[in-house]
$ cat data_21.pdb   # PDB, C-alpha atoms
ATOM      1  CA  GLU A1480      -2.701 -15.536  -8.934
ATOM      2  CA  GLN A1481      -4.635 -12.265  -9.114
ATOM      3  CA  GLU A1482      -5.465 -12.532  -5.419
ATOM      4  CA  MET A1483      -1.780 -12.824  -4.513
ATOM      5  CA  VAL A1484      -0.901  -9.826  -6.682
ATOM      6  CA  TYR A1485      -3.602  -7.844  -4.861
ATOM      7  CA  ALA A1486      -2.135  -8.902  -1.493
ATOM      8  CA  GLU A1487       1.320  -7.821  -2.668
ATOM      9  CA  HIS A1488      -0.003  -4.558  -4.072
ATOM     10  CA  TYR A1489      -1.754  -3.291  -0.929
ATOM     11  CA  PRO A1490       1.157  -2.865   1.541
ATOM     12  CA  LYS A1491       3.607  -1.797  -1.159
ATOM     13  CA  THR A1492       1.403   1.025  -2.370
ATOM     14  CA  GLN A1493       0.524   2.155   1.160
ATOM     15  CA  VAL A1494       4.184   2.490   2.185
ATOM     16  CA  THR A1495       5.130   4.135  -1.128
ATOM     17  CA  LEU A1496       2.334   6.682  -0.742
ATOM     18  CA  MET A1497       3.483   7.456   2.811
ATOM     19  CA  MET A1498       6.922   8.259   1.406
ATOM     20  CA  GLU A1499       5.307  10.696  -1.032
ATOM     21  CA  GLY A1500       3.555  12.603   1.766
ATOM     22  CA  VAL A1501       0.079  11.093   1.414
ATOM     23  CA  ALA A1502      -1.627  11.321   4.803
ATOM     24  CA  ARG A1503      -4.775   9.335   3.953
ATOM     25  CA  ASN A1504      -5.489   6.728   1.329
ATOM     26  CA  TYR A1505      -8.753   4.830   1.022
ATOM     27  CA  GLN A1506      -8.553   1.336  -0.411
ATOM     28  CA  PHE A1507     -11.136   0.158  -2.934
ATOM     29  CA  VAL A1508     -12.938  -1.983  -1.871
ATOM     30  CA  LEU A1509     -13.559  -4.201   1.208
ATOM     31  CA  GLY A1510     -16.666  -6.144   0.263
ATOM     32  CA  ALA A1511     -17.126  -8.278  -2.826
ATOM     33  CA  ASN A1512     -17.933  -6.142  -5.862
ATOM     34  CA  VAL A1513     -18.334  -7.759  -9.267
ATOM     35  CA  ASP A1514     -17.869  -5.374 -12.175
ATOM     36  CA  ARG A1515     -17.593  -5.391 -15.971
ATOM     37  CA  ARG A1516     -20.347  -7.997 -16.320
ATOM     38  CA  GLY A1517     -18.502 -10.465 -14.129
ATOM     39  CA  GLU A1518     -15.088 -10.045 -15.749
ATOM     40  CA  LYS A1519     -13.644  -8.158 -12.780
ATOM     41  CA  ASP A1520     -14.150  -9.312  -9.194
ATOM     42  CA  TRP A1521     -13.043  -6.558  -6.822
ATOM     43  CA  GLY A1522     -12.876  -6.646  -3.047
ATOM     44  CA  MET A1523     -10.885  -8.078  -0.161
ATOM     45  CA  LEU A1524     -13.714 -10.496   0.515
ATOM     46  CA  ARG A1525     -14.999 -13.128  -1.873
ATOM     47  CA  ARG A1526     -18.679 -13.299  -2.728
ATOM     48  CA  ASP A1527     -19.177 -16.057  -0.124
ATOM     49  CA  GLY A1528     -17.666 -13.816   2.593
ATOM     50  CA  VAL A1529     -14.312 -15.637   2.783
ATOM     51  CA  ALA A1530     -11.350 -13.274   3.209
ATOM     52  CA  ARG A1531      -8.852 -12.971   0.401
ATOM     53  CA  PRO A1532      -5.069 -12.777   1.077
ATOM     54  CA  ALA A1533      -5.252  -8.985   0.652
ATOM     55  CA  TYR A1534      -7.467  -8.812   3.745
ATOM     56  CA  ALA A1535      -4.780 -10.562   5.796
ATOM     57  CA  ALA A1536      -2.135  -8.270   4.274
ATOM     58  CA  MET A1537      -4.174  -5.204   5.274
ATOM     59  CA  SER A1538      -4.764  -6.566   8.780
ATOM     60  CA  THR A1539      -1.077  -7.381   9.250
ATOM     61  CA  MET A1540       0.100  -3.978   8.090
ATOM     62  CA  THR A1541      -2.428  -2.196  10.290
ATOM     63  CA  TYR A1542      -1.390  -4.197  13.341
ATOM     64  CA  GLU A1543       2.342  -3.715  12.762
ATOM     65  CA  LEU A1544       2.357  -0.031  11.763
ATOM     66  CA  ALA A1545      -0.701   1.512  13.468
ATOM     67  CA  ASP A1546       1.481   3.068  16.186
ATOM     68  CA  ALA A1547       4.384   3.899  13.874
ATOM     69  CA  ARG A1548       5.434   6.864  11.776
ATOM     70  CA  ILE A1549       7.560   6.610   8.686
ATOM     71  CA  LEU A1550      11.129   7.900   8.995
ATOM     72  CA  GLY A1551      12.156   7.310   5.414
ATOM     73  CA  GLU A1552      13.699   4.898   2.949
ATOM     74  CA  MET A1553      16.839   2.872   3.638
ATOM     75  CA  LYS A1554      19.053   2.384   0.620
ATOM     76  CA  MET A1555      19.808  -1.272  -0.075
ATOM     77  CA  ASP A1556      20.396  -2.150  -3.692
ATOM     78  CA  ASP A1557      18.325  -1.987  -6.858
ATOM     79  CA  ALA A1558      16.723  -5.368  -6.104
ATOM     80  CA  ILE A1559      15.435  -4.620  -2.568
ATOM     81  CA  LYS A1560      13.225  -1.859  -1.166
ATOM     82  CA  ALA A1561      13.316  -1.022   2.565
ATOM     83  CA  PHE A1562      11.455   1.614   4.593
ATOM     84  CA  LEU A1563      12.021   2.553   8.213
ATOM     85  CA  PHE A1564       9.269   3.232  10.773
ATOM     86  CA  GLU A1565       9.452   4.195  14.443
ATOM     87  CA  CYS A1566       6.873   3.455  17.154
ATOM     88  CA  SER A1567       5.967   5.702  20.076
ATOM     89  CA  ASP A1568       8.084   3.535  22.428
ATOM     90  CA  GLY A1569      11.166   3.986  20.240
ATOM     91  CA  LYS A1570      11.022   0.544  18.646
ATOM     92  CA  GLN A1571      12.014   0.494  14.997
ATOM     93  CA  ILE A1572      10.238  -1.457  12.251
ATOM     94  CA  LEU A1573      11.848  -2.125   8.902
ATOM     95  CA  VAL A1574       9.452  -2.943   6.050
ATOM     96  CA  PHE A1575      11.297  -4.571   3.176
ATOM     97  CA  TRP A1576      10.657  -6.546   0.009
ATOM     98  CA  SER A1577      12.292  -7.676  -3.214
ATOM     99  CA  VAL A1578      11.521  -5.758  -6.390
ATOM    100  CA  SER A1579       9.111  -7.775  -8.543
ATOM    101  CA  ASP A1580       7.212  -7.317 -11.791
ATOM    102  CA  LEU A1581       4.661  -5.296  -9.819
ATOM    103  CA  ASP A1582       7.320  -2.725  -8.863
ATOM    104  CA  ARG A1583       8.782  -2.704 -12.369
ATOM    105  CA  GLY A1584       5.401  -2.112 -13.988
ATOM    106  CA  VAL A1585       5.588  -5.323 -16.000
ATOM    107  CA  TYR A1586       2.187  -6.721 -16.981
ATOM    108  CA  PRO A1587       0.913  -9.328 -16.703
ATOM    109  CA  VAL A1588       2.613  -9.728 -13.339
ATOM    110  CA  ARG A1589       4.415 -13.061 -13.017
ATOM    111  CA  ILE A1590       3.839 -14.640  -9.620
ATOM    112  CA  LYS A1591       6.554 -17.270  -9.981
ATOM    113  CA  SER A1592       9.353 -14.966 -11.105
ATOM    114  CA  PRO A1593      12.673 -15.474  -9.209
ATOM    115  CA  ASP A1594      12.615 -12.455  -6.879
ATOM    116  CA  ASP A1595      14.092 -13.932  -3.671
ATOM    117  CA  ARG A1596      17.220 -12.158  -2.459
ATOM    118  CA  ASP A1597      19.695 -12.718   0.392
ATOM    119  CA  LEU A1598      19.882  -9.715   2.704
ATOM    120  CA  VAL A1599      22.500  -8.984   5.371
ATOM    121  CA  LEU A1600      21.515  -6.118   7.685
ATOM    122  CA  PRO A1601      23.831  -4.229  10.033
ATOM    123  CA  VAL A1602      22.070  -4.397  13.407
ATOM    124  CA  ARG A1603      22.654  -4.280  17.123
ATOM    125  CA  ASP A1604      23.038  -7.714  18.634
ATOM    126  CA  GLY A1605      19.859  -9.090  20.146
ATOM    127  CA  ARG A1606      16.499 -10.590  19.300
ATOM    128  CA  TYR A1607      14.246  -9.391  16.502
ATOM    129  CA  ARG A1608      10.680 -10.153  15.480
ATOM    130  CA  LEU A1609       9.998 -10.931  11.826
ATOM    131  CA  VAL A1610       6.425 -10.958  10.471
ATOM    132  CA  ASP A1611       5.478 -11.931   6.925
ATOM    133  CA  PHE A1612       2.794 -10.131   4.932
ATOM    134  CA  LEU A1613       0.058 -12.511   6.100
ATOM    135  CA  GLY A1614       0.897 -12.171   9.808
ATOM    136  CA  THR A1615       3.070 -15.218  10.556
ATOM    137  CA  ALA A1616       5.693 -14.194  13.138
ATOM    138  CA  SER A1617       9.096 -15.628  14.015
ATOM    139  CA  THR A1618      11.966 -14.624  16.303
ATOM    140  CA  LEU A1619      15.517 -14.098  15.032
ATOM    141  CA  SER A1620      18.792 -13.579  16.890
ATOM    142  CA  ALA A1621      21.537 -11.268  15.642
ATOM    143  CA  SER A1622      25.186 -11.573  16.602
ATOM    144  CA  GLY A1623      28.359  -9.968  15.366
ATOM    145  CA  GLY A1624      26.434  -6.883  14.305
ATOM    146  CA  LYS A1625      24.692  -8.684  11.429
ATOM    147  CA  LEU A1626      21.332 -10.262  10.714
ATOM    148  CA  ARG A1627      20.854 -12.541   7.712
ATOM    149  CA  LEU A1628      17.433 -12.555   6.066
ATOM    150  CA  LYS A1629      15.691 -13.770   2.966
ATOM    151  CA  SER A1630      13.908 -10.993   1.098
ATOM    152  CA  VAL A1631      10.910 -12.005  -1.031
ATOM    153  CA  ARG A1632       8.485 -10.104  -3.234
ATOM    154  CA  TYR A1633       5.933  -9.823  -0.415
ATOM    155  CA  PRO A1634       6.628  -7.189   2.287
ATOM    156  CA  GLN A1635       7.976  -8.332   5.649
ATOM    157  CA  TYR A1636       8.146  -6.451   8.959
ATOM    158  CA  LEU A1637      11.302  -6.619  11.067
ATOM    159  CA  SER A1638      11.003  -4.994  14.490
ATOM    160  CA  GLY A1639      13.560  -4.358  17.221
ATOM    161  CA  SER A1640      16.290  -1.936  18.270
ATOM    162  CA  GLY A1641      18.218  -1.994  15.018
ATOM    163  CA  GLY A1642      19.842   1.411  15.325
ATOM    164  CA  TRP A1643      19.010   2.189  11.695
ATOM    165  CA  SER A1644      18.794   5.580  10.000
ATOM    166  CA  PRO A1645      16.997   6.420   6.753
ATOM    167  CA  SER A1646      18.877   7.357   3.603
ATOM    168  CA  ARG A1647      15.983   9.472   2.305
ATOM    169  CA  ARG A1648      13.323  11.297   4.289
ATOM    170  CA  PRO A1649       9.638  11.200   3.296
ATOM    171  CA  GLU A1650       7.967  14.120   1.576
ATOM    172  CA  PRO A1651       6.010  16.320   3.991
ATOM    173  CA  ALA A1652       2.256  15.829   4.012
ATOM    174  CA  GLY A1653       0.298  18.467   2.135
ATOM    175  CA  MET A1654      -1.782  21.054   3.961
ATOM    176  CA  PRO A1655      -5.041  22.607   2.720
ATOM    177  CA  LEU A1656      -4.768  26.239   1.687
ATOM    178  CA  LYS A1657      -7.013  28.800   3.332
ATOM    179  CA  THR A1658      -8.819  31.056   0.884
ATOM    180  CA  ALA A1659      -9.649  34.583   1.937
ATOM    181  CA  VAL A1660     -13.214  35.621   1.076
ATOM    182  CA  GLY A1661     -13.839  39.219   0.103
ATOM    183  CA  GLN A1662     -16.583  41.236   1.799
ATOM    184  CA  ASP A1663     -18.496  41.665  -1.473
ATOM    185  CA  GLU A1664     -17.972  38.077  -2.670
ATOM    186  CA  ASP A1665     -21.152  36.068  -3.156
ATOM    187  CA  LEU A1666     -20.714  32.426  -2.123
ATOM    188  CA  GLU A1667     -24.355  31.462  -2.542
ATOM    189  CA  VAL A1668     -23.920  29.755  -5.888
ATOM    190  CA  ILE A1669     -26.345  26.928  -6.599
ATOM    191  CA  VAL A1670     -25.902  24.570  -9.545
ATOM    192  CA  ARG A1671     -28.908  22.444 -10.389
ATOM    193  CA  PRO A1672     -28.517  20.154 -13.420
ATOM    194  CA  HIS A1673     -31.623  19.315 -15.425
ATOM    195  CA  VAL A1674     -31.112  15.743 -16.584
ATOM    196  CA  ASN A1675     -33.099  14.006 -19.284
ATOM    197  CA  SER A1676     -33.220  10.322 -18.356
ATOM    198  CA  ASN A1677     -33.493   9.371 -22.025
ATOM    199  CA  ASP A1678     -30.037  10.620 -22.978
ATOM    200  CA  PHE A1679     -28.111  10.664 -19.685
ATOM    201  CA  ALA A1680     -25.761   7.747 -18.968
ATOM    202  CA  VAL A1681     -23.145   6.964 -16.352
ATOM    203  CA  GLY A1682     -19.785   6.288 -17.990
ATOM    204  CA  MET A1683     -17.109   3.650 -17.503
ATOM    205  CA  MET A1684     -16.052   3.026 -13.889
ATOM    206  CA  ARG A1685     -18.904   5.347 -12.797
ATOM    207  CA  SER A1686     -16.483   8.259 -12.926
ATOM    208  CA  THR A1687     -18.048  10.197 -15.823
ATOM    209  CA  ALA A1688     -21.477  11.261 -16.990
ATOM    210  CA  GLU A1689     -22.438  11.211 -20.646
ATOM    211  CA  MET A1690     -25.105  13.623 -21.931
ATOM    212  CA  HIS A1691     -25.954  12.932 -25.549
ATOM    213  CA  GLY A1692     -28.850  15.222 -26.281
ATOM    214  CA  THR A1693     -30.970  17.670 -24.317
ATOM    215  CA  SER A1694     -29.601  17.204 -20.810
TER     216      SER A1694
END
$ encode --input "data_21.pdb" --output "structure tokens"
Amino acid sequence: EQEMVYAEHYPKTQVTLMMEGVARNYQFVLGANVDRRGEKDWGMLRRDGVARPAYAAMSTMTYELADARILGEMKMDDAIKAFLFECSDGKQILVFWSVSDLDRGVYPVRIKSPDDRDLVLPVRDGRYRLVDFLGTASTLSASGGKLRLKSVRYPQYLSGSGGWSPSRRPEPAGMPLKTAVGQDEDLEVIVRPHVNSNDFAVGMMRSTAEMHGTS
């Protein structure tokens, strides 16, 4: 079940971060990485090299959205999230999913919770391509200005000429600030830590350093 939660987590967080103006996000981690004395098995690949579902979810999202830019969020209802993208050729892609325990912040996340929802989209008549989060594609036909879909907890990608518009625009991406350096400002600052191997330790998650004595 943890592997399926990971596969659900990846595309949802990527799209959500895009809405918040994040230009780059680096996923941890591709290869197998066992941590916490074997209690935590990270990575999109298993230790035998077999790809986990998250790898397929990453590959699918990259393939579907590599040429697309996010236009914003489309308001559905409280049970469904939908985000609109546009490709360089003008094709629109709607990424949508049902709100699950993962979105609600409920832990442990229940995989078998009833999150399926019926969705009726206003669209232009024609043919649309629907891709699930693992890359399985199907073709749908819309008539009468409506397209009926089944929304599930895992993101799906609907592409075509839907004629949609976002309800909320994404936050603009941040830009680095340029710092002016004064003529008399000395930038040649060198910091050289003197570490005593007897009392220096790397902390939890390798994100801190603990110095207990003379370091």
$ residues_around --input "data_21.pdb" --residues "Gly1605 of chain A" --least-positions-apart "6" --cutoff "12 Å" --atoms "all atoms listed in the file" --output "compact mmCIF listing (two decimals) with C-alpha atoms, in the frame of the given file"
# COMPACT_ATOMS: atom_id res chain seq x y z
CA THR A 1618 11.97 -14.62 16.30
CA LEU A 1619 15.52 -14.10 15.03
CA SER A 1620 18.79 -13.58 16.89
CA ALA A 1621 21.54 -11.27 15.64
CA SER A 1622 25.19 -11.57 16.60
CA GLY A 1623 28.36 -9.97 15.37
CA GLY A 1624 26.43 -6.88 14.30
CA LYS A 1625 24.69 -8.68 11.43
CA LEU A 1626 21.33 -10.26 10.71
CA SER A 1638 11.00 -4.99 14.49
CA GLY A 1639 13.56 -4.36 17.22
CA SER A 1640 16.29 -1.94 18.27
CA GLY A 1641 18.22 -1.99 15.02
CA GLY A 1642 19.84 1.41 15.32
$ atom_distance --input "data_21.pdb" --atom1 "atom CA of Ala1558 of chain A" --atom2 "atom CA of Arg1583 of chain A"
10.5 Å
$ resolve_selection --input "data_21.pdb" --expression "the PyMOL selection byres ((chain A and resi 1552) around 7)" --output "list in words"
Gly1551, Met1553, Lys1554, Ala1561, Phe1562, Leu1563, Pro1645, Ser1646, Arg1647 and Arg1648 of chain A
$ residues_around --input "data_21.pdb" --residues "Leu1509 of chain A" --least-positions-apart "4" --cutoff "7 Å" --atoms "all atoms listed in the file" --output "ChimeraX atom specification"
/A:1522-1524
$ resolve_selection --input "data_21.pdb" --expression "the PyMOL selection byres ((chain A and resi 1617) around 12)" --output "PDB file with C-alpha atoms, keeping the file's coordinate frame"
ATOM      1  CA  ARG A1606      16.499 -10.590  19.300  1.00  0.00           C
ATOM      2  CA  TYR A1607      14.246  -9.391  16.502  1.00  0.00           C
ATOM      3  CA  ARG A1608      10.680 -10.153  15.480  1.00  0.00           C
ATOM      4  CA  LEU A1609       9.998 -10.931  11.826  1.00  0.00           C
ATOM      5  CA  VAL A1610       6.425 -10.958  10.471  1.00  0.00           C
ATOM      6  CA  ASP A1611       5.478 -11.931   6.925  1.00  0.00           C
ATOM      7  CA  GLY A1614       0.897 -12.171   9.808  1.00  0.00           C
ATOM      8  CA  THR A1615       3.070 -15.218  10.556  1.00  0.00           C
ATOM      9  CA  ALA A1616       5.693 -14.194  13.138  1.00  0.00           C
ATOM     10  CA  THR A1618      11.966 -14.624  16.303  1.00  0.00           C
ATOM     11  CA  LEU A1619      15.517 -14.098  15.032  1.00  0.00           C
ATOM     12  CA  SER A1620      18.792 -13.579  16.890  1.00  0.00           C
ATOM     13  CA  LEU A1628      17.433 -12.555   6.066  1.00  0.00           C
ATOM     14  CA  GLN A1635       7.976  -8.332   5.649  1.00  0.00           C
ATOM     15  CA  TYR A1636       8.146  -6.451   8.959  1.00  0.00           C
ATOM     16  CA  LEU A1637      11.302  -6.619  11.067  1.00  0.00           C
ATOM     17  CA  SER A1638      11.003  -4.994  14.490  1.00  0.00           C
TER      18      SER A1638
END
$ atom_distance --input "data_21.pdb" --atom1 "atom CA of Glu1480 of chain A" --atom2 "atom CA of Val1578 of chain A"
17.4 Å
$ resolve_selection --input "data_21.pdb" --expression "the PyMOL selection byres ((chain A and resi 1546) around 7)" --output "list of chain:residue names"
A:Leu1544, A:Ala1545, A:Ala1547, A:Cys1566, A:Ser1567
$ residues_around --input "data_21.pdb" --residues "segment 1651-1662 of chain A" --least-positions-apart "6" --cutoff "8 Å" --atoms "all atoms listed in the file" --output "list in words"
Glu1499, Gly1500, Val1501 and Ala1502 of chain A
$ atom_distance --input "data_21.pdb" --atom1 "atom CA of Val1588 of chain A" --atom2 "atom CA of Val1484 of chain A"
7.5 Å
$ axis_aligned_box --input "data_21.pdb" --around "segment 1572-1581 of chain A" --padding-each-side "5 Å" --output "JSON"
{"center_x": 8.5, "center_y": -4.6, "center_z": 0.2, "size_x": 17.6, "size_y": 16.3, "size_z": 34.0}
$ closest_residue --input "data_21.pdb" --among "A:Tyr1505, A:Ile1549, A:Arg1531, A:Ile1572" --to "Glu1650 of chain A" --atoms "all atoms listed in the file"
A:Ile1549
